[in-house]
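Have a look at upload_11.cif below; it lists mmCIF, C-alpha atoms.
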data_work
#
loop_
_atom_site.label_atom_id
_atom_site.label_comp_id
_atom_site.auth_asym_id
_atom_site.auth_seq_id
_atom_site.Cartn_x
_atom_site.Cartn_y
_atom_site.Cartn_z
CA MET P 394 -23.37 -11.20 10.83
CA THR P 395 -21.48 -8.09 9.70
CA LEU P 396 -18.98 -8.54 12.53
CA VAL P 397 -18.57 -12.24 11.71
CA LEU P 398 -17.94 -11.47 8.03
CA ALA P 399 -15.44 -8.75 9.00
CA LEU P 400 -13.54 -11.21 11.20
CA LEU P 401 -13.54 -13.86 8.47
CA VAL P 402 -12.40 -11.47 5.73
CA GLY P 403 -9.81 -9.87 8.03
CA GLY P 404 -8.48 -13.27 9.07
CA ALA P 405 -8.24 -14.42 5.46
CA PHE P 406 -6.47 -11.18 4.51
CA GLY P 407 -3.98 -11.54 7.35
CA PHE P 408 -3.35 -15.17 6.39
CA MET P 409 -2.58 -14.17 2.80
CA LEU P 410 -0.30 -11.36 3.98
CA ASP P 411 1.68 -13.88 5.96
CA ARG P 412 1.80 -16.38 3.08
CA VAL P 413 3.25 -13.85 0.61
CA GLY P 414 5.88 -12.70 3.12
CA ALA P 415 4.34 -9.32 3.96
CA SER P 416 4.53 -10.11 7.69
CA ASP P 417 8.31 -10.54 7.46
CA PRO P 418 10.09 -7.19 8.04
CA GLY P 419 13.12 -8.52 6.15
CA GLU P 420 11.00 -8.94 3.02
CA ILE P 421 9.58 -5.42 3.37
CA ILE P 422 12.98 -3.79 3.95
CA GLY P 423 14.35 -5.70 0.97
CA MET P 424 11.50 -4.35 -1.15
CA LEU P 425 12.13 -0.77 -0.01
CA ARG P 426 15.84 -1.17 -0.77
CA LEU P 427 14.98 -2.56 -4.22
CA THR P 428 17.00 -5.68 -3.49
CA HIS P 429 14.04 -8.08 -3.31
CA LEU P 430 10.99 -7.13 -5.38
CA ARG P 431 8.84 -10.25 -5.27
CA LEU P 432 6.66 -8.71 -2.56
CA MET P 433 6.31 -5.53 -4.61
CA LYS P 434 5.27 -7.60 -7.62
CA THR P 435 2.63 -9.32 -5.48
CA ILE P 436 1.28 -5.99 -4.18
CA LEU P 437 1.11 -4.43 -7.65
CA LEU P 438 -0.58 -7.53 -9.05
CA ALA P 439 -3.16 -7.56 -6.24
CA ILE P 440 -3.96 -3.86 -6.73
CA GLY P 441 -4.20 -4.28 -10.49
CA VAL P 442 -6.47 -7.31 -10.37
CA GLY P 443 -8.62 -5.68 -7.69
CA ALA P 444 -8.99 -2.51 -9.78
CA VAL P 445 -9.91 -4.43 -12.94
CA LEU P 446 -12.48 -6.57 -11.14
CA THR P 447 -13.99 -3.62 -9.24
CA PHE P 448 -14.40 -1.26 -12.19
CA ALA P 449 -15.43 -4.02 -14.58
CA GLY P 450 -18.03 -4.99 -11.98
CA LEU P 451 -19.29 -1.41 -11.92
CA LEU P 452 -19.65 -1.41 -15.71
CA ALA P 453 -21.45 -4.75 -15.67
CA GLY P 454 -23.74 -3.73 -12.83
CA PHE P 455 -22.42 -6.38 -10.43
CA VAL P 456 -20.98 -3.74 -8.05
CA ASP P 457 -23.27 -1.10 -6.55
CA PRO P 458 -21.52 2.32 -6.68
CA VAL P 459 -23.14 3.18 -3.34
CA HIS P 460 -20.40 1.08 -1.71
CA LEU P 461 -17.66 3.35 -3.10
CA SER P 462 -16.16 5.85 -0.69
CA VAL P 463 -13.66 8.50 -1.78
CA LYS P 464 -11.48 9.92 0.98
CA THR P 465 -10.98 13.65 1.27
CA ALA P 466 -7.60 14.97 0.16
CA HIS P 467 -6.01 17.32 2.71
CA LEU P 468 -2.57 18.21 4.05
CA GLY P 469 -3.03 15.75 6.90
CA VAL P 470 -3.09 12.90 4.39
CA VAL P 471 0.27 14.04 3.01
CA LEU P 472 1.83 14.41 6.47
CA GLY P 473 0.35 11.11 7.60
CA GLY P 474 1.69 9.41 4.49
CA LEU P 475 5.18 10.71 5.19
CA LEU P 476 5.03 9.50 8.80
CA LEU P 477 3.67 6.14 7.69
CA GLY P 478 6.40 5.78 5.09
CA ALA P 479 9.11 6.64 7.60
CA GLY P 480 7.74 4.14 10.10
CA PHE P 481 7.35 1.57 7.34
CA GLY P 482 11.02 1.88 6.46
CA MET P 483 12.30 1.88 10.05
CA ALA P 484 10.12 -0.88 11.50
CA GLY P 485 9.50 -2.99 8.40
CA TYR P 486 5.75 -2.98 9.09
CA CYS P 487 2.66 -1.08 8.09
CA PRO P 488 -0.55 -1.31 10.16
CA GLY P 489 -1.90 -4.34 8.28
CA THR P 490 1.34 -6.30 8.07
CA GLY P 491 2.16 -5.41 11.68
CA LEU P 492 -1.09 -6.99 12.90
CA ALA P 493 -0.48 -10.07 10.76
CA ALA P 494 3.04 -10.40 12.16
CA ALA P 495 1.81 -9.90 15.73
CA ALA P 496 -0.69 -12.72 15.17
CA THR P 497 2.24 -15.02 14.37
CA GLY P 498 3.82 -14.19 17.73
CA ARG P 499 6.56 -11.74 16.70
CA ILE P 500 7.46 -9.62 19.74
CA ASP P 501 8.70 -6.67 17.68
CA ALA P 502 5.37 -6.59 15.84
CA CYS P 503 3.51 -6.54 19.15
CA PHE P 504 5.48 -3.44 20.19
CA PHE P 505 4.73 -1.96 16.76
CA VAL P 506 0.99 -2.48 17.22
CA VAL P 507 1.09 -0.93 20.71
CA GLY P 508 2.99 2.04 19.31
CA GLY P 509 0.42 2.44 16.56
CA LEU P 510 -2.43 2.44 19.08
CA VAL P 511 -0.64 5.04 21.20
CA GLY P 512 -0.12 7.18 18.11
CA ALA P 513 -3.80 6.85 17.12
CA ALA P 514 -4.86 7.83 20.62
CA GLY P 515 -2.55 10.84 20.49
CA TYR P 516 -4.09 11.93 17.20
CA MET P 517 -7.61 11.59 18.59
CA LEU P 518 -6.72 13.71 21.61
CA THR P 519 -5.19 16.44 19.43
CA HIS P 520 -7.68 16.26 16.54
CA THR P 521 -9.22 19.63 17.38
CA LEU P 522 -5.78 21.23 17.34
CA TRP P 523 -4.97 19.85 13.88
CA ALA P 524 -8.37 20.84 12.53
CA GLY P 525 -7.99 24.36 13.90
CA ALA P 526 -4.59 24.68 12.22
CA GLY P 527 -6.15 23.97 8.82
CA VAL P 528 -4.27 20.71 8.31
CA LEU P 529 -7.56 18.88 7.67
CA ALA P 530 -8.96 21.45 5.23
CA PRO P 531 -9.73 19.92 1.80
CA ILE P 532 -7.20 20.47 -0.99
CA ALA P 533 -7.08 19.54 -4.70
CA GLY P 534 -10.87 19.33 -4.87
CA GLY P 535 -11.37 17.30 -1.71
CA LYS P 536 -13.28 14.15 -2.62
CA VAL P 537 -12.43 13.81 -6.29
CA THR P 538 -12.09 10.86 -8.67
CA LEU P 539 -9.91 10.43 -11.75
CA GLY P 540 -12.95 10.18 -14.03
CA PRO P 541 -16.73 10.38 -13.49
CA ILE P 542 -18.30 7.19 -12.13
CA ALA P 543 -21.95 6.47 -12.87
CA GLY P 544 -24.17 6.50 -9.82
CA THR P 545 -21.92 8.82 -7.81
CA SER P 546 -21.74 12.59 -7.40
CA TYR P 547 -17.99 12.90 -6.91
CA PRO P 548 -16.28 15.56 -9.08
CA ALA P 549 -13.76 14.19 -11.60
CA LEU P 550 -10.38 15.41 -12.79
CA ILE P 551 -11.01 14.13 -16.34
CA GLU P 552 -14.68 14.68 -17.13
CA ALA P 553 -14.44 13.45 -20.72
CA VAL P 554 -13.38 9.88 -19.90
CA SER P 555 -15.36 7.25 -17.99
CA GLY P 556 -13.94 6.64 -14.54
CA GLU P 557 -14.71 2.94 -14.86
CA TRP P 558 -12.60 2.58 -18.00
CA LEU P 559 -9.82 4.68 -16.47
CA GLY P 560 -9.86 2.40 -13.43
CA ILE P 561 -9.59 -0.68 -15.62
CA ALA P 562 -6.74 0.91 -17.59
CA VAL P 563 -4.83 1.76 -14.41
CA GLY P 564 -5.36 -1.78 -13.16
CA VAL P 565 -3.99 -3.23 -16.40
CA VAL P 566 -0.92 -0.97 -16.13
CA PHE P 567 -0.29 -2.20 -12.57
CA ILE P 568 -0.57 -5.81 -13.72
CA ALA P 569 1.82 -5.16 -16.61
CA ILE P 570 4.37 -3.55 -14.28
CA ALA P 571 4.09 -6.48 -11.86
CA VAL P 572 4.80 -8.92 -14.68
CA ALA P 573 7.58 -6.83 -16.24
CA ILE P 574 9.75 -5.86 -13.28
CA PRO P 575 12.48 -8.31 -12.24
CA ASP P 576 12.88 -9.81 -8.81
CA THR P 577 15.57 -7.20 -8.14
CA LEU P 578 16.68 -3.90 -9.64
CA ARG P 579 20.22 -4.25 -8.35
CA PRO P 580 22.23 -6.80 -10.31
CA THR P 581 24.33 -9.11 -8.22
CA ARG P 582 28.02 -8.45 -8.68
CA ALA P 583 30.19 -11.35 -9.64
CA VAL P 584 32.74 -12.05 -6.95
CA ARG P 585 36.25 -11.94 -8.36
CA PRO P 586 38.63 -14.54 -6.98
CA PRO P 587 41.66 -13.06 -5.22
CA GLY P 588 44.37 -12.37 -7.83
CA ARG P 589 47.93 -13.61 -7.48
CA ARG P 590 50.45 -10.87 -6.80
CA PHE P 591 53.42 -10.76 -9.17
CA GLU P 592 56.63 -8.96 -8.32
CA ALA P 593 59.37 -7.97 -10.75
CA THR P 594 62.67 -9.79 -10.28
CA GLY P 595 66.18 -9.25 -11.50
#
Go through the file and emit its structure as structure tokens.
Amino acid sequence: MTLVLALLVGGAFGFMLDRVGASDPGEIIGMLRLTHLRLMKTILLAIGVGAVLTFAGLLAGFVDPVHLSVKTAHLGVVLGGLLLGAGFGMAGYCPGTGLAAAATGRIDACFFVVGGLVGAAGYMLTHTLWAGAGVLAPIAGGKVTLGPIAGTSYPALIEAVSGEWLGIAVGVVFIAIAVAIPDTLRPTRAVRPPGRRFEATG
């Protein structure tokens, strides 16, 4: 049943990615160039709503904190983020959107997915090397949250403020940004008609 639910949720997520244009590399490149921000608005809104619902659910007792998992901060995360961002900008896909695009039959996305699998395999084969070099050593507290969350033992950066309320506040900020930003940050220039050339006579 877990596998069936995973397939259903993953399929629904991929379908929504395609519907909002996230499987179109042109939309993603336009977002990164700040020439087309509707996809960015959708992403920010989804993160904001998800954060509000998750942390409000924790406060109300609808969400069990045992399901929360905080990833360890280390230099590998930073390096991986830089590589992911570079690939995101060059290919117009991230792992999720690449799979969604491949499911629609895009050949470039299929090559992207194969490249991602090759890269993952390369990382697995060299994992011991990276670990020995200290790249995977915890930094900035390792597994740390912004504020303390009831029912968890994760250390917090701001002990005096509830992590649930901080999460809701961050979610509201994301929603506000999504509503406030325009569809583009680069105004379209008005095209001037070609002027008539005058020459002095006499």
Worksheet entry | Non-local contacts of range 461-469 of chain P (7 Å; only C-alpha atoms; under 3 positions in same chain excluded) as a ChimeraX atom specification | /P:458,472-473,528-533,535-536
Using only C-alpha atoms, the best pick from P:Leu510, P:Ala484, P:Ala543, P:Ala479 as closest to Leu451 in chain P would be P:Ala543
Practice problem: With a distance cut-off of 9 Å and all atoms listed in the file, select the neighbouring residues of Glu420 in chain P, excluding the residue or stretch itself and same-chain residues fewer than 2 positions from it, and output the selection as a ChimeraX atom specification. | Solution: /P:414-418,422-425,429-432,485
If you measure from CA of Gly407 in chain P to CA of Val442 in chain P, what distance in Å do you get, rounded to one decimal?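 Here the two named atoms are 18.4 Å from each other.
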List as a list of chain:residue names the protein and nucleic acid residues near Ile542 in chain P, meaning an atom at most 7 Å away when all atoms listed in the file are counted, but skip any in the same chain fewer than 3 places from it.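 Contacts, with the query itself left out: P:Thr545, P:Ser555, P:Gly556, P:Glu557.
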Selection file, C-alpha atoms, as a compact mmCIF listing (two decimals), keeping the file's coordinate frame:
# COMPACT_ATOMS: atom_id res chain seq x y z
CA THR P 545 -21.92 8.82 -7.81
CA SER P 555 -15.36 7.25 -17.99
CA GLY P 556 -13.94 6.64 -14.54
CA GLU P 557 -14.71 2.94 -14.86
The residue from P:Trp558, P:Tyr486, P:Ala514, P:Glu552 with the smallest atom-to-atom distance to Asp501 in chain P, counting only C-alpha atoms, is P:Tyr486
Could you expand the PyMOL selection byres ((chain P and resi 492-496) around 7) into the explicit residues it covers here, written as a tab-separated table (two decimals) with C-alpha atoms, keeping the file's coordinate frame?
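Output below, filename out_23.tsv:
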chain	number	residue	atom	x	y	z
P	407	GLY	CA	-3.98	-11.54	7.35
P	410	LEU	CA	-0.30	-11.36	3.98
P	411	ASP	CA	1.68	-13.88	5.96
P	416	SER	CA	4.53	-10.11	7.69
P	488	PRO	CA	-0.55	-1.31	10.16
P	489	GLY	CA	-1.90	-4.34	8.28
P	490	THR	CA	1.34	-6.30	8.07
P	491	GLY	CA	2.16	-5.41	11.68
P	497	THR	CA	2.24	-15.02	14.37
P	498	GLY	CA	3.82	-14.19	17.73
P	499	ARG	CA	6.56	-11.74	16.70
P	500	ILE	CA	7.46	-9.62	19.74
P	502	ALA	CA	5.37	-6.59	15.84
P	503	CYS	CA	3.51	-6.54	19.15
P	506	VAL	CA	0.99	-2.48	17.22
| message | Excluding Ala562 in chain P and its own-chain neighbours fewer than 6 positions away, which residues fall within 10 Å of it when counting only C-alpha atoms? Please give them as a list in words. | response |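 Non-adjacent residues within range: Gly441, Ala444, Val445, Phe448, Gly556 and Ile568 of chain P.
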Can you measure CA of Thr428 in chain P to CA of Gly443 in chain P for me? One decimal in Å is fine.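 Rounded to one decimal, the two atoms are 26.0 Å apart.
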In Å and to one decimal, CA of Ile421 in chain P is distant from CA of Met483 in chain P by 10.3 Å
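Neighbouring residues of Ile570 in chain P at 10 Å or closer, counting all atoms listed in the file and skipping chain neighbours under 3 positions away, are Lys434, Leu437, Leu438, Gly441, Gly564, Val565, Val566, Phe567, Ala573, Ile574 and Pro575 of chain P.
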